[in-house]
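Shown below: target-v9.cif, with mmCIF, C-alpha atoms.
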data_work
#
loop_
_atom_site.label_atom_id
_atom_site.label_comp_id
_atom_site.auth_asym_id
_atom_site.auth_seq_id
_atom_site.Cartn_x
_atom_site.Cartn_y
_atom_site.Cartn_z
CA MET A 1 31.71 -58.87 -100.06
CA PHE A 2 35.03 -57.63 -101.44
CA THR A 3 37.16 -56.63 -98.44
CA ILE A 4 40.33 -54.60 -97.91
CA PRO A 5 42.55 -57.74 -97.79
CA ASP A 6 41.00 -58.80 -101.09
CA PHE A 7 42.77 -55.90 -102.83
CA LYS A 8 46.18 -57.49 -102.33
CA ALA A 9 44.82 -60.99 -102.90
CA ALA A 10 43.46 -59.84 -106.26
CA LYS A 11 46.83 -58.39 -107.28
CA GLU A 12 48.62 -61.59 -106.33
CA ALA A 13 46.10 -63.67 -108.27
CA GLY A 14 46.26 -61.41 -111.33
CA ARG A 15 42.55 -60.53 -110.98
CA ARG A 16 41.76 -56.99 -112.06
CA ILE A 17 39.86 -54.77 -109.62
CA ALA A 18 36.83 -52.79 -110.82
CA MET A 19 35.94 -49.59 -108.98
CA LEU A 20 33.61 -46.66 -109.62
CA THR A 21 32.65 -43.56 -107.68
CA CYS A 22 29.29 -43.57 -105.93
CA TYR A 23 27.42 -40.88 -104.03
CA ASP A 24 23.80 -41.96 -103.50
CA VAL A 25 21.62 -44.76 -102.21
CA SER A 26 20.06 -45.82 -105.52
CA THR A 27 23.32 -46.04 -107.45
CA ALA A 28 24.93 -47.90 -104.55
CA ALA A 29 22.25 -50.57 -104.64
CA ILE A 30 22.65 -51.00 -108.40
CA LEU A 31 26.44 -51.20 -108.17
CA GLN A 32 26.25 -53.81 -105.42
CA ASP A 33 23.81 -55.84 -107.54
CA ALA A 34 26.10 -55.49 -110.57
CA GLY A 35 29.02 -56.96 -108.62
CA ILE A 36 31.40 -53.99 -108.40
CA ASP A 37 34.44 -54.74 -106.24
CA ALA A 38 34.53 -51.43 -104.38
CA VAL A 39 33.33 -47.85 -104.67
CA LEU A 40 34.89 -44.52 -103.84
CA VAL A 41 32.77 -41.81 -102.28
CA GLY A 42 35.07 -39.25 -103.81
CA ASP A 43 35.46 -35.54 -103.30
CA SER A 44 34.43 -35.37 -106.97
CA VAL A 45 30.92 -35.29 -105.47
CA ALA A 46 31.45 -31.56 -105.00
CA MET A 47 31.64 -31.19 -108.78
CA VAL A 48 29.34 -33.82 -110.27
CA VAL A 49 26.57 -33.69 -107.66
CA HIS A 50 26.83 -30.23 -106.11
CA GLY A 51 27.96 -28.39 -109.24
CA HIS A 52 31.07 -26.78 -107.76
CA PRO A 53 34.02 -25.85 -110.00
CA SER A 54 36.57 -28.09 -108.25
CA THR A 55 36.91 -30.71 -105.53
CA THR A 56 38.36 -28.19 -103.09
CA THR A 57 34.90 -27.25 -101.79
CA ALA A 58 34.22 -30.77 -100.49
CA THR A 59 34.12 -31.09 -96.70
CA ILE A 60 34.14 -33.95 -94.23
CA ASP A 61 30.45 -33.33 -93.56
CA MET A 62 29.70 -33.57 -97.28
CA ILE A 63 31.66 -36.79 -97.75
CA GLU A 64 30.20 -38.24 -94.55
CA THR A 65 26.64 -37.53 -95.71
CA HIS A 66 27.20 -39.30 -99.02
CA ILE A 67 28.95 -42.26 -97.38
CA ARG A 68 25.88 -42.76 -95.19
CA ALA A 69 23.67 -42.74 -98.27
CA VAL A 70 25.88 -45.24 -100.10
CA ARG A 71 26.08 -47.53 -97.08
CA SER A 72 22.30 -47.40 -96.71
CA GLY A 73 21.84 -48.56 -100.29
CA ALA A 74 24.60 -51.18 -100.27
CA PRO A 75 25.25 -52.72 -96.85
CA ASP A 76 27.67 -55.29 -98.29
CA LEU A 77 29.70 -52.99 -100.54
CA CYS A 78 33.36 -52.12 -99.93
CA VAL A 79 33.35 -48.33 -99.55
CA VAL A 80 36.38 -46.01 -99.62
CA GLY A 81 35.85 -42.41 -98.51
CA ASP A 82 37.92 -39.48 -99.74
CA MET A 83 39.69 -37.29 -97.20
CA PRO A 84 38.75 -33.89 -98.65
CA PHE A 85 40.80 -30.71 -99.14
CA LEU A 86 42.79 -29.66 -96.03
CA SER A 87 41.21 -32.33 -93.81
CA THR A 88 44.66 -33.91 -93.45
CA ARG A 89 46.45 -30.58 -92.84
CA ARG A 90 45.08 -29.49 -89.47
CA GLY A 91 47.37 -31.62 -87.37
CA LEU A 92 47.58 -35.32 -86.61
CA ALA A 93 44.70 -35.41 -84.13
CA ALA A 94 42.36 -33.55 -86.47
CA GLY A 95 43.29 -35.85 -89.36
CA VAL A 96 42.59 -38.93 -87.26
CA ASP A 97 39.26 -37.47 -86.13
CA ALA A 98 38.28 -36.70 -89.74
CA ALA A 99 39.11 -40.22 -90.89
CA GLY A 100 37.24 -41.63 -87.92
CA ALA A 101 34.14 -39.68 -88.92
CA LEU A 102 34.20 -41.28 -92.37
CA ILE A 103 34.66 -44.76 -90.94
CA ARG A 104 31.82 -44.25 -88.47
CA ALA A 105 29.64 -43.05 -91.37
CA GLY A 106 30.13 -46.44 -93.03
CA ALA A 107 33.40 -46.35 -94.99
CA ASN A 108 35.72 -49.34 -94.90
CA ALA A 109 38.78 -47.21 -95.71
CA VAL A 110 39.86 -43.67 -96.54
CA LYS A 111 41.82 -42.26 -99.48
CA ILE A 112 44.47 -39.56 -99.07
CA GLU A 113 45.92 -37.51 -101.95
CA GLY A 114 49.69 -37.26 -102.17
CA LEU A 115 52.52 -38.24 -99.84
CA SER A 116 54.17 -35.02 -98.67
CA GLY A 117 52.83 -33.98 -95.28
CA HIS A 118 51.13 -37.32 -94.66
CA GLU A 119 54.14 -39.29 -93.43
CA GLU A 120 52.83 -39.30 -89.84
CA LEU A 121 49.11 -39.46 -90.53
CA ILE A 122 49.10 -42.55 -92.73
CA PRO A 123 50.81 -44.91 -90.26
CA ALA A 124 48.80 -43.38 -87.41
CA LEU A 125 45.57 -44.23 -89.20
CA VAL A 126 46.71 -47.70 -90.26
CA GLY A 127 47.95 -48.43 -86.76
CA GLY A 128 44.60 -47.29 -85.39
CA GLY A 129 42.62 -49.63 -87.62
CA VAL A 130 41.81 -47.31 -90.54
CA PRO A 131 42.90 -48.74 -93.92
CA VAL A 132 44.39 -46.06 -96.18
CA MET A 133 44.40 -45.91 -99.98
CA GLY A 134 47.03 -43.61 -101.47
CA HIS A 135 46.68 -41.36 -104.52
CA LEU A 136 49.53 -40.21 -106.79
CA GLY A 137 49.92 -38.50 -110.14
CA LEU A 138 47.38 -35.79 -110.81
CA LEU A 139 46.12 -34.52 -107.45
CA PRO A 140 42.83 -32.66 -108.02
CA GLN A 141 42.97 -31.03 -104.58
CA SER A 142 46.18 -29.30 -105.73
CA VAL A 143 44.61 -27.89 -108.90
CA ASN A 144 45.40 -24.31 -107.87
CA VAL A 145 49.07 -25.15 -107.36
CA LEU A 146 49.31 -27.23 -110.54
CA GLY A 147 47.46 -24.68 -112.66
CA GLY A 148 44.99 -27.18 -114.09
CA TYR A 149 44.20 -30.84 -114.68
CA SER A 150 47.16 -31.99 -116.75
CA LYS A 151 49.00 -35.30 -117.03
CA ARG A 152 51.76 -35.74 -114.48
CA GLY A 153 55.03 -37.67 -114.58
CA LYS A 154 55.90 -36.86 -118.18
CA ASP A 155 59.47 -35.82 -117.44
CA VAL A 156 62.11 -38.09 -115.90
CA ASP A 157 62.51 -36.24 -112.61
CA GLU A 158 58.80 -36.11 -111.83
CA ALA A 159 58.34 -39.73 -112.92
CA ASP A 160 61.13 -40.85 -110.58
CA ARG A 161 59.61 -38.87 -107.72
CA ILE A 162 56.21 -40.49 -108.25
CA VAL A 163 57.84 -43.94 -108.19
CA GLN A 164 59.64 -43.07 -104.96
CA ASP A 165 56.40 -41.79 -103.45
CA ALA A 166 54.64 -45.01 -104.45
CA ARG A 167 57.26 -47.08 -102.66
CA GLU A 168 56.95 -44.86 -99.60
CA LEU A 169 53.15 -45.13 -99.54
CA GLU A 170 53.52 -48.89 -99.49
CA ARG A 171 56.11 -48.69 -96.71
CA LEU A 172 53.84 -46.45 -94.64
CA GLY A 173 51.08 -49.04 -94.80
CA CYS A 174 48.71 -48.12 -97.66
CA PHE A 175 46.76 -51.14 -98.91
CA ALA A 176 46.40 -49.77 -102.46
CA MET A 177 46.90 -46.57 -104.43
CA VAL A 178 45.16 -44.64 -107.18
CA LEU A 179 47.36 -43.52 -110.09
CA GLU A 180 45.69 -40.64 -111.89
CA CYS A 181 46.62 -39.18 -115.27
CA ILE A 182 50.18 -40.47 -115.63
CA PRO A 183 51.84 -42.08 -118.68
CA ALA A 184 50.99 -45.75 -119.15
CA LYS A 185 54.68 -46.71 -119.02
CA LEU A 186 55.10 -45.00 -115.66
CA ALA A 187 52.00 -46.74 -114.30
CA ALA A 188 53.36 -50.09 -115.50
CA ARG A 189 56.66 -49.35 -113.76
CA ILE A 190 54.92 -48.57 -110.47
CA GLN A 191 52.62 -51.58 -110.78
CA ALA A 192 55.65 -53.83 -111.14
CA GLU A 193 57.68 -52.23 -108.34
CA VAL A 194 55.17 -52.12 -105.50
CA GLY A 195 53.45 -55.02 -103.80
CA ILE A 196 50.13 -53.26 -103.27
CA PRO A 197 47.50 -52.84 -106.00
CA THR A 198 47.47 -49.83 -108.30
CA ILE A 199 44.09 -48.48 -109.40
CA GLY A 200 44.33 -46.44 -112.57
CA ILE A 201 42.31 -43.55 -113.89
CA GLY A 202 43.74 -42.24 -117.11
CA ALA A 203 46.89 -44.30 -116.49
CA GLY A 204 46.68 -47.09 -119.05
CA LEU A 205 46.04 -50.81 -118.90
CA ALA A 206 48.93 -52.01 -116.74
CA CYS A 207 47.35 -51.08 -113.40
CA ASP A 208 45.88 -53.78 -111.20
CA GLY A 209 42.47 -52.13 -111.40
CA GLN A 210 40.54 -49.20 -112.83
CA ILE A 211 38.25 -46.50 -111.48
CA LEU A 212 36.03 -43.94 -113.21
CA VAL A 213 33.58 -41.29 -112.09
CA SER A 214 30.20 -43.00 -112.46
CA ASN A 215 28.50 -39.88 -113.79
CA ASP A 216 31.11 -39.66 -116.55
CA MET A 217 30.82 -43.27 -117.70
CA LEU A 218 27.01 -43.13 -117.58
CA GLY A 219 26.92 -39.99 -119.70
CA LEU A 220 25.26 -37.93 -116.98
CA THR A 221 28.00 -35.31 -116.73
CA ALA A 222 27.32 -32.07 -118.56
CA GLY A 223 30.22 -30.25 -120.20
CA TYR A 224 33.82 -31.47 -120.29
CA VAL A 225 34.49 -35.18 -119.77
CA PRO A 226 38.08 -36.53 -119.68
CA ALA A 227 39.11 -38.37 -122.83
CA PHE A 228 39.89 -41.54 -120.86
CA ALA A 229 36.34 -41.69 -119.42
CA LYS A 230 34.56 -44.03 -121.83
CA ARG A 231 30.82 -43.42 -121.96
CA TYR A 232 28.97 -46.70 -121.60
CA LEU A 233 25.56 -45.01 -121.73
CA ASN A 234 24.03 -41.71 -122.80
CA ALA A 235 22.00 -41.35 -119.62
CA HIS A 236 21.60 -37.60 -120.13
CA GLU A 237 19.59 -38.21 -123.28
CA LEU A 238 17.64 -41.14 -121.80
CA PHE A 239 16.66 -39.07 -118.76
CA ARG A 240 15.76 -36.10 -120.96
CA GLN A 241 13.50 -38.26 -123.11
CA ALA A 242 11.72 -39.71 -120.07
CA PHE A 243 11.28 -36.28 -118.48
CA THR A 244 10.00 -34.82 -121.75
CA GLU A 245 7.47 -37.65 -122.15
CA TYR A 246 6.22 -37.17 -118.58
CA ILE A 247 5.92 -33.38 -119.00
CA GLU A 248 3.97 -33.81 -122.24
CA GLU A 249 1.61 -36.40 -120.74
CA VAL A 250 0.88 -34.15 -117.75
CA ARG A 251 0.20 -31.15 -119.98
CA GLN A 252 -2.04 -33.20 -122.29
CA GLY A 253 -3.99 -34.72 -119.40
CA GLU A 254 -2.74 -38.22 -120.18
CA PHE A 255 -1.02 -38.86 -116.85
CA PRO A 256 -2.14 -40.45 -114.64
CA PRO A 257 -4.29 -42.81 -116.74
CA ALA A 258 -7.96 -42.53 -115.77
CA GLY A 259 -8.18 -46.08 -114.48
CA LYS A 260 -5.22 -45.60 -112.14
CA ALA A 261 -6.08 -42.18 -110.75
CA ALA A 262 -7.96 -43.54 -107.73
CA VAL A 263 -5.15 -45.94 -106.83
CA ALA A 264 -2.55 -43.22 -107.15
CA ALA A 265 -4.57 -40.90 -104.93
CA GLY A 266 -4.60 -43.47 -102.17
CA GLY A 267 -0.91 -44.30 -102.40
CA THR A 268 0.75 -47.54 -103.44
CA ALA A 269 2.62 -50.25 -101.64
CA GLY A 270 6.41 -49.90 -101.87
CA GLY A 271 8.43 -47.13 -103.42
CA SER A 272 8.04 -43.43 -102.77
CA ASN A 273 4.74 -41.64 -103.40
CA GLN A 274 5.48 -38.39 -101.64
CA ALA A 275 6.83 -35.26 -103.27
#

How does this structure look as structure tokens?
Amino acid sequence: MFTIPDFKAAKEAGRRIAMLTCYDVSTAAILQDAGIDAVLVGDSVAMVVHGHPSTTTATIDMIETHIRAVRSGAPDLCVVGDMPFLSTRRGLAAGVDAAGALIRAGANAVKIEGLSGHEELIPALVGGGVPVMGHLGLLPQSVNVLGGYSKRGKDVDEADRIVQDARELERLGCFAMVLECIPAKLAARIQAEVGIPTIGIGAGLACDGQILVSNDMLGLTAGYVPAFAKRYLNAHELFRQAFTEYIEEVRQGEFPPAGKAAVAAGGTAGGSNQA
């Protein structure tokens, strides 16, 4: 099992870290079998699973539910849980309670977007035994302030601020940080200047690791997909073909096959046979 200390060990050894998002029991089991280093139960679940327009509708209860599902499917997987919109802004005690709920649900660590306003919470969590992953660059929870999902750190002042924030996140005790949608040169600068691993998403090759939304890379996401999200599979089409074949066989009276009808009626060993 890849553990929280393994993040820094991987950086020091020059071993790249592979992460993906995960929200359900079946995908978790497959990812564990495939050998993924760690998964993020991200607030992106609000968009890709629940169909909401942004991540701001995610709640602690929502993230907690999906963490439990992921942990059920992959007992040996390193799981990071997102602290959703405003969960870190209700005071120190409330933030600690929210993080504790995610850890009790099965997460090994939590991820917090941005630095400003978290200067007390991060060390409080780390000191209390909750590993914290930072997140800089594009902050999806701030989409209404930013006016959209655009690349950050393109001008000198903002780039310098992101570098300063990265150093501060390390000082406060973060074990790693996500760098989202920033120029590759800026990501390389941060990667070289901090001692904790950087996990990139739309931030170029220099980062110590990479993360993508699983639904995007599998081709399950309908509509807009970020340009940096390489599609390794067209799962949408594969699922559609399988569903279409099943529908046609049912309508034509070809499923279930005559010889298997009696077995199916009585149930089968293993798997799910209940609607």

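One finds CA of Thr55 (chain A) at 6.7 Å from CA of Pro140 (chain A).
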
Would you translate the PyMOL selection byres ((chain A and resi 192) around 12) into the concrete set of residues it matches in this file, as a JSON list (two decimals) with C-alpha atoms, in the frame of the given file?
[["chain", "number", "residue", "atom", "x", "y", "z"],
["A", 11, "LYS", "CA", 46.83, -58.39, -107.28],
["A", 12, "GLU", "CA", 48.62, -61.59, -106.33],
["A", 163, "VAL", "CA", 57.84, -43.94, -108.19],
["A", 166, "ALA", "CA", 54.64, -45.01, -104.45],
["A", 167, "ARG", "CA", 57.26, -47.08, -102.66],
["A", 185, "LYS", "CA", 54.68, -46.71, -119.02],
["A", 186, "LEU", "CA", 55.10, -45.00, -115.66],
["A", 187, "ALA", "CA", 52.00, -46.74, -114.30],
["A", 188, "ALA", "CA", 53.36, -50.09, -115.50],
["A", 189, "ARG", "CA", 56.66, -49.35, -113.76],
["A", 190, "ILE", "CA", 54.92, -48.57, -110.47],
["A", 191, "GLN", "CA", 52.62, -51.58, -110.78],
["A", 193, "GLU", "CA", 57.68, -52.23, -108.34],
["A", 194, "VAL", "CA", 55.17, -52.12, -105.50],
["A", 195, "GLY", "CA", 53.45, -55.02, -103.80],
["A", 196, "ILE", "CA", 50.13, -53.26, -103.27],
["A", 197, "PRO", "CA", 47.50, -52.84, -106.00],
["A", 198, "THR", "CA", 47.47, -49.83, -108.30],
["A", 206, "ALA", "CA", 48.93, -52.01, -116.74],
["A", 207, "CYS", "CA", 47.35, -51.08, -113.40],
["A", 208, "ASP", "CA", 45.88, -53.78, -111.20]]

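Minimum distance to Glu158 (chain A) across A:Arg16, A:Glu249, A:Pro123, A:Gly137 (counting all atoms listed in the file) occurs at A:Gly137.
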
| message | Going by the chain IDs and residue numbers used in this file, which residues fall under the PyMOL selection byres ((chain A and resi 209) around 12)? Write them as a PyMOL selection string. | response | chain A and resi 7-8+10-11+14-20+36-38+176-180+187-188+191+196-208+210-212

| request: Could you check which of A:Gly51, A:Arg240, A:Val41, A:Ser72 is closest to Val25 (chain A), using all atoms listed in the file? | output: A:Ser72

| task | Would you kindly return, as a ChimeraX atom specification, each protein, DNA or RNA residue with an atom no farther than 12 Å from any atom of Thr88 (chain A), considering all atoms listed in the file and excluding same-chain residues fewer than 5 positions away? | result | /A:59-60,82-83,93-99,110-122,124-125,141

| If you measure from CA of Ile182 (chain A) to CA of Arg152 (chain A), what distance in Å do you get, rounded to one decimal? |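 These atoms are spaced 5.1 Å apart.
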
Using only C-alpha atoms, which residues of region 70-175 of chain A come within 12 Å of region 225-231 of chain A, and what is the closest atom pair for each, with the distance in Å to one decimal? Give it as a tab-separated table, sorted by chain and residue number.
residue	atom	partner	partner_atom	distance
A:Tyr149	CA	A:Pro226	CA	9.7
A:Ser150	CA	A:Pro226	CA	10.6
A:Lys151	CA	A:Pro226	CA	11.3

| said: Show me the residues close to (20.7, -49.9, -103.9) - anything with an atom within 10 Å, counting all atoms listed in the file - and format the list as a PyMOL selection string. | reply: chain A and resi 24-33+69-75

| message | Rounded to one decimal, what separation in Å do you get between CA of Leu146 (chain A) and CA of Met62 (chain A)? | response |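 If I compute the distance from CA of Leu146 (chain A) to CA of Met62 (chain A), I get 24.5 Å.
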
| task | May I ask which of the residues A:Gly153, A:Gly253, A:Gly128, A:Gly106 is the closest one to Asp165 (chain A), counting only C-alpha atoms? | result |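 With only C-alpha atoms as the atom set, the closest residue is A:Gly153.
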
| task | Within 12 Å of Val145 (chain A), counting only C-alpha atoms, which residues show up once you throw out same-chain ones fewer than 6 positions away? Write them as a PyMOL selection string, please. | result | chain A and resi 56+138-139

For the residues selected in the previous step, produce a file with C-alpha atoms as a CSV table (one decimal), in the frame of the given file.
chain,number,residue,atom,x,y,z
A,56,THR,CA,38.4,-28.2,-103.1
A,138,LEU,CA,47.4,-35.8,-110.8
A,139,LEU,CA,46.1,-34.5,-107.4

| message | Let me make sure I understand: among A:Ile247, A:His66, A:Ala34, A:Phe175, which one has the smallest atom-to-atom distance to Asp6 (chain A) if we use all atoms listed in the file? | response |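 Between A:Ile247, A:His66, A:Ala34, A:Phe175, the residue approaching Asp6 (chain A) most closely is A:Phe175.
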
| task | Output the residue selection produced by the PyMOL selection byres ((chain A and resi 234) around 9) on the file above, formatted as a ChimeraX atom specification. | result | /A:217-220,231-233,235-239

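For the set A:Val126, A:Ile162, A:Lys154, A:Val213, the residue with the smallest atom-to-atom gap to Asp43 (chain A) is A:Val213, counting all atoms listed in the file.
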
| said: For a quick check of understanding, using only C-alpha atoms, which of A:Asn108, A:Leu172, A:Pro257, A:Thr221 has the smallest distance to Met47 (chain A)? | reply: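 So, comparing all the options, the nearest one is A:Thr221.
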